[in-house]
Amino acid sequence: MFLAAKNDIFHAFKRLAKMLENEKSSKIVSIQSDHGGEFQNERFEHFCEKHGIKHNFSAPRTPQQNGVVERKNRSLEELARTMLNANSLPKYFWADVVNTTCYVLNKVLIRPILKKTPYEFFKGRRHVLSHLKIFGCKCFILNNGKESLGKFDAKVDEGVFLGYATQSHAYRVYNKRLMTVEEFTDVVFDETNPKLQDQVPKNADEEDLLQKQISGAEKPSVVGNQSAEKEKQSIEKVADNNLPKDWIQPRGLSKDNIINDIKQGVIY
């Protein structure tokens, strides 16, 4: 639950406690928190006494006593930072990325003792992962009657995938044209990474061409008349290009140590 201020924690806890009691048909026995003012106040104490909830506190300035919560918060923060920076998204999407991170971890993180994910332990059934998509990938939203279209207007809008809806079976998408976050089911995802596509060659020929371009960029250009030695090196370079690819010159070894005289056909 994402809150605008710490004063909203009490109402959020009441809502969460009621939801858990209805879903699991059981009562909350105890909770634990630090001595923050949002937890240690008269309203919290009255609510716990009314419902028979034992409220435990950690020792002051001892966050290791709340190690599970602190470790979870750190994991969510690090994953959210990585996902935002990897996709070059603005920071005001932090709530969406944290929500998506928590959603995915609950479905894929296996507890070492229980040998189950948190979702399996809480719901009592296995989960489906086929609907998971790459956060921040490009997607296309179908205009399913929300706006009247002309004959040649585009039927789809380009968007950015931001996660999964919490109260419906839908995807949360940022519409670039309207600059709003919406929930859709008719979404086509493009999960390819354009950064990797620009860097990785598609085949061996392109890789050889890229290597030649890099080698050519590293060598200084020759200005003016070339000397006899440079002309000889140019001729030898052309001859090397005509040689079979199996004849590779080892690094740090001159060509004279490998090939004596091409005309005579003598090879050492």
# chains A, B, ... in the order shown; residues from 1 in each chain; ligands from 1
$ residues_around --residues "Lys27 (chain A)" --least-positions-apart "4" --cutoff "10 Å" --atoms "only C-alpha atoms" --output "PyMOL selection string"
chain A and resi 17-18+20-22+51-53
$ residues_around --residues "Pro60 (chain A)" --least-positions-apart "2" --cutoff "7 Å" --atoms "only C-alpha atoms" --output "PyMOL selection string"
chain A and resi 35+58+62
$ closest_residue --among "A:Phe135, A:Gln32, A:Asp186, A:Ser25" --to "Lys54 (chain A)" --atoms "only C-alpha atoms"
A:Gln32
$ closest_residue --among "A:Phe10, A:Tyr174, A:Asp157, A:Ile134" --to "Thr192 (chain A)" --atoms "only C-alpha atoms"
A:Ile134
$ select_by_dssp --residues "region 18-159 of chain A" --states "strand (DSSP E)" --output "list of chain:residue names"
A:Ser30, A:Ile31, A:Gln32, A:Ser33, A:Lys54, A:His55, A:Asn56, A:Phe57, A:Lys138, A:Cys139, A:Phe140, A:Ile141, A:Leu142, A:Val156, A:Asp157, A:Glu158, A:Gly159
$ write_last_selection --atoms "C-alpha atoms" --output "PDB file, in the first residue's frame"
ATOM      1  CA  SER A  30       0.443 -10.033  16.990  1.00  0.00           C
ATOM      2  CA  ILE A  31       2.295  -7.393  15.003  1.00  0.00           C
ATOM      3  CA  GLN A  32       5.765  -5.897  15.382  1.00  0.00           C
ATOM      4  CA  SER A  33       7.052  -2.430  14.563  1.00  0.00           C
ATOM      5  CA  LYS A  54      -0.389  -7.971  20.741  1.00  0.00           C
ATOM      6  CA  HIS A  55       1.786  -5.077  19.578  1.00  0.00           C
ATOM      7  CA  ASN A  56       5.514  -5.814  19.935  1.00  0.00           C
ATOM      8  CA  PHE A  57       8.238  -3.217  19.506  1.00  0.00           C
ATOM      9  CA  LYS A 138       7.455  -0.728 -25.539  1.00  0.00           C
ATOM     10  CA  CYS A 139       3.832  -1.719 -26.011  1.00  0.00           C
ATOM     11  CA  PHE A 140       0.922  -0.837 -28.248  1.00  0.00           C
ATOM     12  CA  ILE A 141      -2.578  -0.160 -26.896  1.00  0.00           C
ATOM     13  CA  LEU A 142      -5.661  -0.928 -28.920  1.00  0.00           C
ATOM     14  CA  VAL A 156      -3.231   1.929 -31.548  1.00  0.00           C
ATOM     15  CA  ASP A 157      -1.221   4.194 -29.270  1.00  0.00           C
ATOM     16  CA  GLU A 158       2.367   3.613 -28.229  1.00  0.00           C
ATOM     17  CA  GLY A 159       2.939   3.186 -24.523  1.00  0.00           C
TER      18      GLY A 159
END
$ closest_residue --among "A:Ser130, A:Gly67, A:Glu77, A:Pro118" --to "Val97 (chain A)" --atoms "only C-alpha atoms"
A:Glu77
$ closest_residue --among "A:Ala95, A:Val108, A:Ile9, A:Met83" --to "Arg126 (chain A)" --atoms "only C-alpha atoms"
A:Val108
$ closest_residue --among "A:Leu105, A:Leu162, A:Val181, A:Ala170" --to "Thr117 (chain A)" --atoms "only C-alpha atoms"
A:Leu105
$ atom_distance --atom1 "CA of Lys6 (chain A)" --atom2 "CA of Gly37 (chain A)"
8.9 Å
$ decode --residues "region 17-110 of chain A" --atoms "C-alpha atoms" --output "mmCIF file, in the first residue's frame"
data_model
loop_
_atom_site.group_PDB
_atom_site.id
_atom_site.type_symbol
_atom_site.label_atom_id
_atom_site.label_comp_id
_atom_site.auth_asym_id
_atom_site.auth_seq_id
_atom_site.Cartn_x
_atom_site.Cartn_y
_atom_site.Cartn_z
ATOM 1 C CA ALA A 17 -6.347 -6.262 8.947
ATOM 2 C CA LYS A 18 -9.996 -6.519 7.909
ATOM 3 C CA MET A 19 -9.066 -7.807 4.457
ATOM 4 C CA LEU A 20 -6.782 -10.515 5.870
ATOM 5 C CA GLU A 21 -9.408 -11.628 8.398
ATOM 6 C CA ASN A 22 -12.050 -11.973 5.685
ATOM 7 C CA GLU A 23 -9.772 -13.757 3.217
ATOM 8 C CA LYS A 24 -8.103 -16.195 5.614
ATOM 9 C CA SER A 25 -10.956 -16.523 8.166
ATOM 10 C CA SER A 26 -8.534 -15.979 11.031
ATOM 11 C CA LYS A 27 -7.595 -13.283 13.511
ATOM 12 C CA ILE A 28 -4.340 -11.359 13.710
ATOM 13 C CA VAL A 29 -2.488 -12.453 16.847
ATOM 14 C CA SER A 30 0.443 -10.033 16.990
ATOM 15 C CA ILE A 31 2.295 -7.393 15.003
ATOM 16 C CA GLN A 32 5.765 -5.897 15.382
ATOM 17 C CA SER A 33 7.052 -2.430 14.563
ATOM 18 C CA ASP A 34 9.591 0.115 15.681
ATOM 19 C CA HIS A 35 8.905 3.028 18.046
ATOM 20 C CA GLY A 36 7.924 5.398 15.262
ATOM 21 C CA GLY A 37 5.204 7.889 16.088
ATOM 22 C CA GLU A 38 2.994 6.534 13.307
ATOM 23 C CA PHE A 39 2.893 3.127 15.083
ATOM 24 C CA GLN A 40 3.157 4.021 18.749
ATOM 25 C CA ASN A 41 0.151 6.251 19.401
ATOM 26 C CA GLU A 42 -3.195 6.178 21.139
ATOM 27 C CA ARG A 43 -5.238 5.090 18.109
ATOM 28 C CA PHE A 44 -3.027 2.077 17.460
ATOM 29 C CA GLU A 45 -3.093 1.032 21.112
ATOM 30 C CA HIS A 46 -6.877 1.343 21.293
ATOM 31 C CA PHE A 47 -7.343 -0.676 18.116
ATOM 32 C CA CYS A 48 -4.998 -3.459 19.303
ATOM 33 C CA GLU A 49 -6.708 -3.666 22.695
ATOM 34 C CA LYS A 50 -10.139 -3.806 21.085
ATOM 35 C CA HIS A 51 -9.227 -6.692 18.764
ATOM 36 C CA GLY A 52 -6.860 -8.532 21.107
ATOM 37 C CA ILE A 53 -3.745 -7.892 19.008
ATOM 38 C CA LYS A 54 -0.389 -7.971 20.741
ATOM 39 C CA HIS A 55 1.786 -5.077 19.578
ATOM 40 C CA ASN A 56 5.514 -5.814 19.935
ATOM 41 C CA PHE A 57 8.238 -3.217 19.506
ATOM 42 C CA SER A 58 11.890 -3.500 18.588
ATOM 43 C CA ALA A 59 14.540 -1.956 20.817
ATOM 44 C CA PRO A 60 15.393 1.696 20.074
ATOM 45 C CA ARG A 61 18.101 2.178 17.454
ATOM 46 C CA THR A 62 18.195 -1.557 16.728
ATOM 47 C CA PRO A 63 16.945 -2.088 13.165
ATOM 48 C CA GLN A 64 18.407 -5.611 13.065
ATOM 49 C CA GLN A 65 15.507 -6.784 15.225
ATOM 50 C CA ASN A 66 13.276 -5.979 12.247
ATOM 51 C CA GLY A 67 15.684 -7.701 9.880
ATOM 52 C CA VAL A 68 13.043 -9.266 7.633
ATOM 53 C CA VAL A 69 11.354 -5.944 6.928
ATOM 54 C CA GLU A 70 14.598 -4.021 6.527
ATOM 55 C CA ARG A 71 16.009 -6.595 4.094
ATOM 56 C CA LYS A 72 12.782 -6.594 2.091
ATOM 57 C CA ASN A 73 12.758 -2.807 1.836
ATOM 58 C CA ARG A 74 16.390 -2.816 0.689
ATOM 59 C CA SER A 75 15.693 -5.457 -1.984
ATOM 60 C CA LEU A 76 12.709 -3.533 -3.336
ATOM 61 C CA GLU A 77 14.701 -0.295 -3.397
ATOM 62 C CA GLU A 78 17.691 -1.776 -5.241
ATOM 63 C CA LEU A 79 15.548 -3.599 -7.804
ATOM 64 C CA ALA A 80 13.406 -0.520 -8.398
ATOM 65 C CA ARG A 81 16.476 1.662 -8.956
ATOM 66 C CA THR A 82 17.909 -0.845 -11.418
ATOM 67 C CA MET A 83 14.684 -1.156 -13.404
ATOM 68 C CA LEU A 84 14.186 2.594 -13.632
ATOM 69 C CA ASN A 85 17.735 3.312 -14.774
ATOM 70 C CA ALA A 86 17.846 0.370 -17.201
ATOM 71 C CA ASN A 87 14.826 1.729 -19.065
ATOM 72 C CA SER A 88 15.659 5.462 -18.622
ATOM 73 C CA LEU A 89 12.299 6.128 -16.952
ATOM 74 C CA PRO A 90 11.614 9.192 -14.760
ATOM 75 C CA LYS A 91 11.615 8.855 -10.988
ATOM 76 C CA TYR A 92 7.912 9.660 -10.577
ATOM 77 C CA PHE A 93 7.187 6.092 -11.740
ATOM 78 C CA TRP A 94 8.745 4.787 -8.513
ATOM 79 C CA ALA A 95 5.426 3.525 -7.116
ATOM 80 C CA ASP A 96 4.712 1.502 -10.258
ATOM 81 C CA VAL A 97 8.154 -0.055 -10.348
ATOM 82 C CA VAL A 98 8.105 -0.952 -6.633
ATOM 83 C CA ASN A 99 4.639 -2.457 -7.001
ATOM 84 C CA THR A 100 5.781 -4.519 -10.003
ATOM 85 C CA THR A 101 8.930 -5.638 -8.189
ATOM 86 C CA CYS A 102 6.954 -6.818 -5.158
ATOM 87 C CA TYR A 103 4.422 -8.540 -7.421
ATOM 88 C CA VAL A 104 7.118 -10.493 -9.262
ATOM 89 C CA LEU A 105 9.103 -11.415 -6.142
ATOM 90 C CA ASN A 106 6.005 -12.873 -4.488
ATOM 91 C CA LYS A 107 5.599 -15.200 -7.477
ATOM 92 C CA VAL A 108 9.195 -16.248 -8.194
ATOM 93 C CA LEU A 109 11.125 -16.019 -4.899
ATOM 94 C CA ILE A 110 11.266 -19.439 -3.206
#
